[in-house]
>>> print(open('coords-v3.cif').read())   # mmCIF, C-alpha atoms
data_run
#
loop_
_atom_site.group_PDB
_atom_site.id
_atom_site.type_symbol
_atom_site.label_atom_id
_atom_site.label_comp_id
_atom_site.auth_asym_id
_atom_site.auth_seq_id
_atom_site.Cartn_x
_atom_site.Cartn_y
_atom_site.Cartn_z
ATOM 1 C CA MET B 1 118.094 55.307 105.896
ATOM 2 C CA THR B 2 121.235 53.252 106.601
ATOM 3 C CA ARG B 3 121.768 55.057 109.903
ATOM 4 C CA GLU B 4 118.284 54.152 111.082
ATOM 5 C CA ILE B 5 118.741 50.480 110.175
ATOM 6 C CA ILE B 6 122.237 49.855 111.523
ATOM 7 C CA GLY B 7 122.308 52.494 114.222
ATOM 8 C CA THR B 8 125.485 54.333 113.308
ATOM 9 C CA ARG B 9 125.884 58.095 113.106
ATOM 10 C CA ILE B 10 128.702 58.012 110.551
ATOM 11 C CA CYS B 11 129.437 55.439 107.884
ATOM 12 C CA VAL B 12 132.566 55.587 105.698
ATOM 13 C CA ALA B 13 133.587 53.519 102.712
ATOM 14 C CA GLU B 14 136.617 51.250 102.752
ATOM 15 C CA SER B 15 138.382 53.581 100.293
ATOM 16 C CA VAL B 16 138.225 56.332 102.924
ATOM 17 C CA VAL B 17 139.525 53.958 105.601
ATOM 18 C CA HIS B 18 142.546 53.106 103.446
ATOM 19 C CA SER B 19 143.314 56.779 102.926
ATOM 20 C CA ILE B 20 143.566 57.497 106.670
ATOM 21 C CA ASP B 21 146.716 56.518 108.553
ATOM 22 C CA ASN B 22 145.919 54.566 111.720
ATOM 23 C CA PHE B 23 142.163 54.556 111.082
ATOM 24 C CA ARG B 24 140.267 53.695 114.255
ATOM 25 C CA GLY B 25 136.886 52.144 113.785
ATOM 26 C CA ARG B 26 134.965 48.973 113.241
ATOM 27 C CA PRO B 27 133.461 47.224 110.247
ATOM 28 C CA ILE B 28 129.756 47.556 109.573
ATOM 29 C CA GLY B 29 129.500 45.252 106.568
ATOM 30 C CA THR B 30 129.069 45.453 102.830
ATOM 31 C CA LEU B 31 126.227 47.823 101.969
ATOM 32 C CA VAL B 32 124.603 49.412 98.946
ATOM 33 C CA LEU B 33 124.493 53.054 99.961
ATOM 34 C CA LYS B 34 121.943 55.605 98.801
ATOM 35 C CA GLY B 35 122.736 56.780 95.281
ATOM 36 C CA LYS B 36 125.120 53.878 94.618
ATOM 37 C CA SER B 37 124.582 50.781 92.497
ATOM 38 C CA GLN B 38 127.538 48.786 93.802
ATOM 39 C CA ALA B 39 127.887 47.457 97.325
ATOM 40 C CA VAL B 40 130.821 48.871 99.293
ATOM 41 C CA ARG B 41 132.507 47.759 102.480
ATOM 42 C CA CYS B 42 131.613 50.256 105.218
ATOM 43 C CA TYR B 43 133.050 51.165 108.607
ATOM 44 C CA GLU B 44 132.022 53.212 111.599
ATOM 45 C CA PRO B 45 134.804 55.566 112.727
ATOM 46 C CA ALA B 46 135.662 55.398 116.419
ATOM 47 C CA SER B 47 136.261 58.300 118.719
ATOM 48 C CA MET B 48 139.874 59.384 118.970
ATOM 49 C CA GLU B 49 139.566 58.964 122.734
ATOM 50 C CA GLY B 50 140.660 55.616 124.087
ATOM 51 C CA GLY B 51 138.776 53.547 126.593
ATOM 52 C CA ALA B 52 136.826 51.330 124.232
ATOM 53 C CA ASP B 53 139.755 49.546 122.599
ATOM 54 C CA GLY B 54 138.946 46.220 124.269
ATOM 55 C CA PHE B 55 135.305 46.464 123.234
ATOM 56 C CA VAL B 56 136.259 47.314 119.644
ATOM 57 C CA ALA B 57 138.715 44.392 119.520
ATOM 58 C CA ASP B 58 136.003 42.032 120.787
ATOM 59 C CA TYR B 59 133.545 43.493 118.268
ATOM 60 C CA LYS B 60 135.999 42.911 115.416
ATOM 61 C CA ALA B 61 136.486 39.303 116.547
ATOM 62 C CA ALA B 62 132.711 38.761 116.640
ATOM 63 C CA PHE B 63 132.343 40.399 113.224
ATOM 64 C CA SER B 64 135.011 38.072 111.799
ATOM 65 C CA LEU B 65 133.003 35.100 113.064
ATOM 66 C CA LEU B 66 129.860 36.533 111.458
ATOM 67 C CA GLU B 67 131.593 36.998 108.118
ATOM 68 C CA VAL B 68 132.558 33.331 107.895
ATOM 69 C CA GLY B 69 129.162 32.126 109.100
ATOM 70 C CA ASP B 70 130.421 30.738 112.399
ATOM 71 C CA PRO B 71 127.500 30.072 114.782
ATOM 72 C CA LYS B 72 129.689 31.387 117.640
ATOM 73 C CA ALA B 73 129.129 34.891 116.234
ATOM 74 C CA ARG B 74 125.710 35.070 117.884
ATOM 75 C CA GLN B 75 127.180 34.242 121.287
ATOM 76 C CA ALA B 76 129.981 36.761 120.773
ATOM 77 C CA PHE B 77 127.563 39.574 119.850
ATOM 78 C CA ALA B 78 125.272 38.612 122.746
ATOM 79 C CA ALA B 79 128.206 39.013 125.151
ATOM 80 C CA LEU B 80 129.016 42.407 123.625
ATOM 81 C CA ALA B 81 125.379 43.484 123.914
ATOM 82 C CA ALA B 82 125.429 42.529 127.590
ATOM 83 C CA GLN B 83 128.522 44.729 128.078
ATOM 84 C CA ASN B 84 127.087 47.659 126.153
ATOM 85 C CA PRO B 85 123.309 47.340 125.691
ATOM 86 C CA ASP B 86 123.058 50.769 124.038
ATOM 87 C CA ASP B 87 125.414 49.937 121.169
ATOM 88 C CA ALA B 88 123.048 49.884 118.189
ATOM 89 C CA LEU B 89 125.547 48.344 115.769
ATOM 90 C CA THR B 90 126.190 45.403 118.086
ATOM 91 C CA LEU B 91 122.431 44.919 118.520
ATOM 92 C CA PHE B 92 121.958 45.072 114.745
ATOM 93 C CA HIS B 93 124.509 42.296 114.206
ATOM 94 C CA LEU B 94 123.014 40.252 117.044
ATOM 95 C CA VAL B 95 119.659 40.336 115.223
ATOM 96 C CA VAL B 96 121.389 39.400 111.956
ATOM 97 C CA CYS B 97 123.072 36.454 113.674
ATOM 98 C CA SER B 98 119.844 35.333 115.319
ATOM 99 C CA ARG B 99 118.027 35.320 111.970
ATOM 100 C CA ALA B 100 120.866 33.665 110.080
ATOM 101 C CA MET B 101 121.465 30.939 112.641
ATOM 102 C CA LYS B 102 117.837 29.841 113.059
ATOM 103 C CA PRO B 103 117.151 26.274 111.953
ATOM 104 C CA MET B 104 114.883 26.011 108.928
#
>>> encode(input="coords-v3.cif", output="structure tokens")
Amino acid sequence: MTREIIGTRICVAESVVHSIDNFRGRPIGTLVLKGKSQAVRCYEPASMEGGADGFVADYKAAFSLLEVGDPKARQAFAALAAQNPDDALTLFHLVVCSRAMKPM
């Protein structure tokens, strides 16, 4: 179910990330995975091929803004979505930002 919601093919826990030297990937968020009772920090592994390093760096910067509740996160994810409109994880976080930043 997580894959359908966030749009990733592979999701790994932070413990896995720490066990891999030079892990390449990007944060998804803190999730309660199927069969688990505790939330865990999750990541999407990146391809070993280069070419997307700038995009991933920009994604990580946008994600950092989202984590601290900075309203600039929405703008950052919107710019990423314009660069790569097929990136489901970016679109997921853009929706999250749009909902979180709406005035009540």
>>> residues_around(input="coords-v3.cif", residues="B:Ile28", least_positions_apart="6", cutoff="9 Å", atoms="only C-alpha atoms", output="PDB file with C-alpha atoms, in the frame of the given file")
ATOM      1  CA  ILE B   6     122.237  49.855 111.523  1.00  0.00           C
ATOM      2  CA  THR B   8     125.485  54.333 113.308  1.00  0.00           C
ATOM      3  CA  CYS B  11     129.437  55.439 107.884  1.00  0.00           C
ATOM      4  CA  ARG B  41     132.507  47.759 102.480  1.00  0.00           C
ATOM      5  CA  CYS B  42     131.613  50.256 105.218  1.00  0.00           C
ATOM      6  CA  TYR B  43     133.050  51.165 108.607  1.00  0.00           C
ATOM      7  CA  GLU B  44     132.022  53.212 111.599  1.00  0.00           C
ATOM      8  CA  PHE B  63     132.343  40.399 113.224  1.00  0.00           C
ATOM      9  CA  LEU B  89     125.547  48.344 115.769  1.00  0.00           C
ATOM     10  CA  HIS B  93     124.509  42.296 114.206  1.00  0.00           C
TER      11      HIS B  93
END
>>> closest_residue(input="coords-v3.cif", among="B:Ala46, B:Asp70, B:Ser64, B:Phe55", to="B:Asn84", atoms="all atoms listed in the file")
B:Phe55
>>> closest_residue(input="coords-v3.cif", among="B:Leu33, B:Ile5, B:Gly25, B:Gly54", to="B:Val95", atoms="all atoms listed in the file")
B:Ile5
>>> residues_around(input="coords-v3.cif", residues="B:Thr90", least_positions_apart="3", cutoff="7 Å", atoms="all atoms listed in the file", output="VMD selection string")
chain B and resid 77 80 to 81 87 93 to 94
>>> resolve_selection(input="coords-v3.cif", expression="the PyMOL selection byres ((chain B and resi 67) around 12)", output="PyMOL selection string")
chain B and resi 27-30+60-66+68-74+93+96-97+100
>>> closest_residue(input="coords-v3.cif", among="B:Ala79, B:Val40, B:Pro85, B:Ala57", to="B:Arg26", atoms="all atoms listed in the file")
B:Ala57
>>> atom_distance(input="coords-v3.cif", atom1="atom CA of B:Ala82", atom2="atom CA of B:Ala13")
28.4 Å
>>> closest_residue(input="coords-v3.cif", among="B:Ala39, B:Val17, B:Leu91, B:Val56", to="B:Ala78", atoms="only C-alpha atoms")
B:Leu91
>>> atom_distance(input="coords-v3.cif", atom1="atom CA of B:Ala88", atom2="atom CA of B:Gly7")
4.8 Å
>>> atom_distance(input="coords-v3.cif", atom1="atom CA of B:Phe23", atom2="atom CA of B:Ser37")
25.9 Å
>>> decode(input="coords-v3.cif", residues="stretch 12-58 of chain B", atoms="N, CA and C atoms", output="JSON list (two decimals), in the first residue's frame")
[["chain", "number", "residue", "atom", "x", "y", "z"],
["B", 12, "VAL", "N", 13.29, 1.61, 1.93],
["B", 12, "VAL", "CA", 14.15, 0.95, 2.90],
["B", 12, "VAL", "C", 14.18, 1.75, 4.20],
["B", 13, "ALA", "N", 14.33, 1.04, 5.29],
["B", 13, "ALA", "CA", 14.39, 1.67, 6.60],
["B", 13, "ALA", "C", 15.75, 2.33, 6.83],
["B", 14, "GLU", "N", 15.76, 3.29, 7.73],
["B", 14, "GLU", "CA", 16.99, 4.01, 8.05],
["B", 14, "GLU", "C", 18.08, 3.06, 8.53],
["B", 15, "SER", "N", 17.73, 1.98, 9.23],
["B", 15, "SER", "CA", 18.74, 1.03, 9.69],
["B", 15, "SER", "C", 19.48, 0.40, 8.51],
["B", 16, "VAL", "N", 18.78, 0.17, 7.42],
["B", 16, "VAL", "CA", 19.40, -0.38, 6.21],
["B", 16, "VAL", "C", 20.33, 0.67, 5.61],
["B", 17, "VAL", "N", 19.87, 1.91, 5.55],
["B", 17, "VAL", "CA", 20.67, 3.00, 5.00],
["B", 17, "VAL", "C", 22.00, 3.11, 5.73],
["B", 18, "HIS", "N", 21.95, 3.01, 7.07],
["B", 18, "HIS", "CA", 23.18, 3.14, 7.86],
["B", 18, "HIS", "C", 24.11, 1.95, 7.69],
["B", 19, "SER", "N", 23.59, 0.85, 7.21],
["B", 19, "SER", "CA", 24.44, -0.33, 7.04],
["B", 19, "SER", "C", 25.11, -0.38, 5.66],
["B", 20, "ILE", "N", 24.79, 0.58, 4.80],
["B", 20, "ILE", "CA", 25.34, 0.59, 3.44],
["B", 20, "ILE", "C", 26.30, 1.77, 3.29],
["B", 21, "ASP", "N", 27.55, 1.47, 2.99],
["B", 21, "ASP", "CA", 28.53, 2.54, 2.75],
["B", 21, "ASP", "C", 28.10, 3.34, 1.52],
["B", 22, "ASN", "N", 28.19, 4.65, 1.63],
["B", 22, "ASN", "CA", 27.89, 5.55, 0.51],
["B", 22, "ASN", "C", 26.49, 5.33, -0.07],
["B", 23, "PHE", "N", 25.51, 5.13, 0.81],
["B", 23, "PHE", "CA", 24.13, 4.96, 0.35],
["B", 23, "PHE", "C", 23.72, 6.15, -0.51],
["B", 24, "ARG", "N", 23.11, 5.84, -1.63],
["B", 24, "ARG", "CA", 22.59, 6.89, -2.53],
["B", 24, "ARG", "C", 21.08, 6.76, -2.55],
["B", 25, "GLY", "N", 20.42, 7.82, -2.17],
["B", 25, "GLY", "CA", 18.97, 7.80, -2.16],
["B", 25, "GLY", "C", 18.42, 9.08, -1.58],
["B", 26, "ARG", "N", 17.13, 9.08, -1.35],
["B", 26, "ARG", "CA", 16.51, 10.28, -0.81],
["B", 26, "ARG", "C", 15.48, 9.90, 0.25],
["B", 27, "PRO", "N", 15.28, 10.78, 1.21],
["B", 27, "PRO", "CA", 14.33, 10.49, 2.28],
["B", 27, "PRO", "C", 12.89, 10.51, 1.78],
["B", 28, "ILE", "N", 12.10, 9.61, 2.31],
["B", 28, "ILE", "CA", 10.67, 9.58, 2.02],
["B", 28, "ILE", "C", 9.92, 10.25, 3.17],
["B", 29, "GLY", "N", 10.28, 9.87, 4.39],
["B", 29, "GLY", "CA", 9.62, 10.39, 5.58],
["B", 29, "GLY", "C", 9.59, 9.32, 6.64],
["B", 30, "THR", "N", 8.85, 9.58, 7.69],
["B", 30, "THR", "CA", 8.70, 8.62, 8.77],
["B", 30, "THR", "C", 7.34, 7.94, 8.59],
["B", 31, "LEU", "N", 7.38, 6.63, 8.41],
["B", 31, "LEU", "CA", 6.18, 5.87, 8.06],
["B", 31, "LEU", "C", 5.98, 4.69, 9.00],
["B", 32, "VAL", "N", 4.73, 4.29, 9.17],
["B", 32, "VAL", "CA", 4.42, 3.03, 9.84],
["B", 32, "VAL", "C", 4.18, 2.03, 8.71],
["B", 33, "LEU", "N", 5.10, 1.11, 8.56],
["B", 33, "LEU", "CA", 5.04, 0.14, 7.47],
["B", 33, "LEU", "C", 4.15, -1.04, 7.84],
["B", 34, "LYS", "N", 3.66, -1.72, 6.82],
["B", 34, "LYS", "CA", 2.79, -2.87, 7.01],
["B", 34, "LYS", "C", 3.48, -3.89, 7.93],
["B", 35, "GLY", "N", 2.74, -4.34, 8.93],
["B", 35, "GLY", "CA", 3.26, -5.33, 9.87],
["B", 35, "GLY", "C", 4.08, -4.74, 11.00],
["B", 36, "LYS", "N", 4.23, -3.42, 11.02],
["B", 36, "LYS", "CA", 5.02, -2.76, 12.07],
["B", 36, "LYS", "C", 4.10, -1.92, 12.95],
["B", 37, "SER", "N", 4.48, -1.74, 14.20],
["B", 37, "SER", "CA", 3.70, -0.89, 15.09],
["B", 37, "SER", "C", 4.39, 0.45, 15.34],
["B", 38, "GLN", "N", 5.68, 0.50, 15.08],
["B", 38, "GLN", "CA", 6.45, 1.72, 15.28],
["B", 38, "GLN", "C", 6.76, 2.38, 13.94],
["B", 39, "ALA", "N", 6.70, 3.69, 13.91],
["B", 39, "ALA", "CA", 7.08, 4.42, 12.70],
["B", 39, "ALA", "C", 8.59, 4.35, 12.52],
["B", 40, "VAL", "N", 9.02, 4.24, 11.27],
["B", 40, "VAL", "CA", 10.45, 4.21, 10.96],
["B", 40, "VAL", "C", 10.74, 5.22, 9.85],
["B", 41, "ARG", "N", 11.93, 5.77, 9.90],
["B", 41, "ARG", "CA", 12.37, 6.69, 8.86],
["B", 41, "ARG", "C", 12.68, 5.86, 7.63],
["B", 42, "CYS", "N", 12.14, 6.27, 6.46],
["B", 42, "CYS", "CA", 12.29, 5.49, 5.24],
["B", 42, "CYS", "C", 12.95, 6.31, 4.14],
["B", 43, "TYR", "N", 13.60, 5.59, 3.24],
["B", 43, "TYR", "CA", 14.33, 6.20, 2.12],
["B", 43, "TYR", "C", 14.03, 5.44, 0.85],
["B", 44, "GLU", "N", 14.17, 6.13, -0.26],
["B", 44, "GLU", "CA", 14.08, 5.50, -1.57],
["B", 44, "GLU", "C", 15.50, 5.41, -2.12],
["B", 45, "PRO", "N", 15.99, 4.20, -2.37],
["B", 45, "PRO", "CA", 17.34, 4.08, -2.96],
["B", 45, "PRO", "C", 17.36, 4.69, -4.36],
["B", 46, "ALA", "N", 18.50, 5.27, -4.71],
["B", 46, "ALA", "CA", 18.67, 5.84, -6.05],
["B", 46, "ALA", "C", 19.44, 4.86, -6.91],
["B", 47, "SER", "N", 19.30, 5.02, -8.19],
["B", 47, "SER", "CA", 20.05, 4.22, -9.14],
["B", 47, "SER", "C", 21.54, 4.47, -8.92],
["B", 48, "MET", "N", 22.34, 3.49, -9.19],
["B", 48, "MET", "CA", 23.79, 3.66, -9.08],
["B", 48, "MET", "C", 24.34, 4.53, -10.21],
["B", 49, "GLU", "N", 23.54, 4.73, -11.25],
["B", 49, "GLU", "CA", 23.96, 5.58, -12.36],
["B", 49, "GLU", "C", 23.84, 7.03, -11.92],
["B", 50, "GLY", "N", 24.75, 7.85, -12.37],
["B", 50, "GLY", "CA", 24.69, 9.27, -12.04],
["B", 50, "GLY", "C", 23.65, 9.97, -12.89],
["B", 51, "GLY", "N", 23.76, 11.27, -12.99],
["B", 51, "GLY", "CA", 22.87, 12.01, -13.85],
["B", 51, "GLY", "C", 21.76, 12.73, -13.13],
["B", 52, "ALA", "N", 21.37, 12.24, -11.98],
["B", 52, "ALA", "CA", 20.27, 12.87, -11.24],
["B", 52, "ALA", "C", 20.76, 13.47, -9.93],
["B", 53, "ASP", "N", 22.07, 13.58, -9.77],
["B", 53, "ASP", "CA", 22.61, 14.07, -8.50],
["B", 53, "ASP", "C", 22.11, 15.46, -8.14],
["B", 54, "GLY", "N", 22.02, 16.35, -9.12],
["B", 54, "GLY", "CA", 21.52, 17.70, -8.85],
["B", 54, "GLY", "C", 20.08, 17.68, -8.42],
["B", 55, "PHE", "N", 19.28, 16.85, -9.09],
["B", 55, "PHE", "CA", 17.86, 16.73, -8.73],
["B", 55, "PHE", "C", 17.72, 16.18, -7.32],
["B", 56, "VAL", "N", 18.49, 15.15, -6.99],
["B", 56, "VAL", "CA", 18.42, 14.55, -5.65],
["B", 56, "VAL", "C", 18.85, 15.56, -4.60],
["B", 57, "ALA", "N", 19.88, 16.34, -4.87],
["B", 57, "ALA", "CA", 20.33, 17.36, -3.91],
["B", 57, "ALA", "C", 19.23, 18.40, -3.70],
["B", 58, "ASP", "N", 18.57, 18.82, -4.78],
["B", 58, "ASP", "CA", 17.48, 19.79, -4.66],
["B", 58, "ASP", "C", 16.29, 19.17, -3.91]]
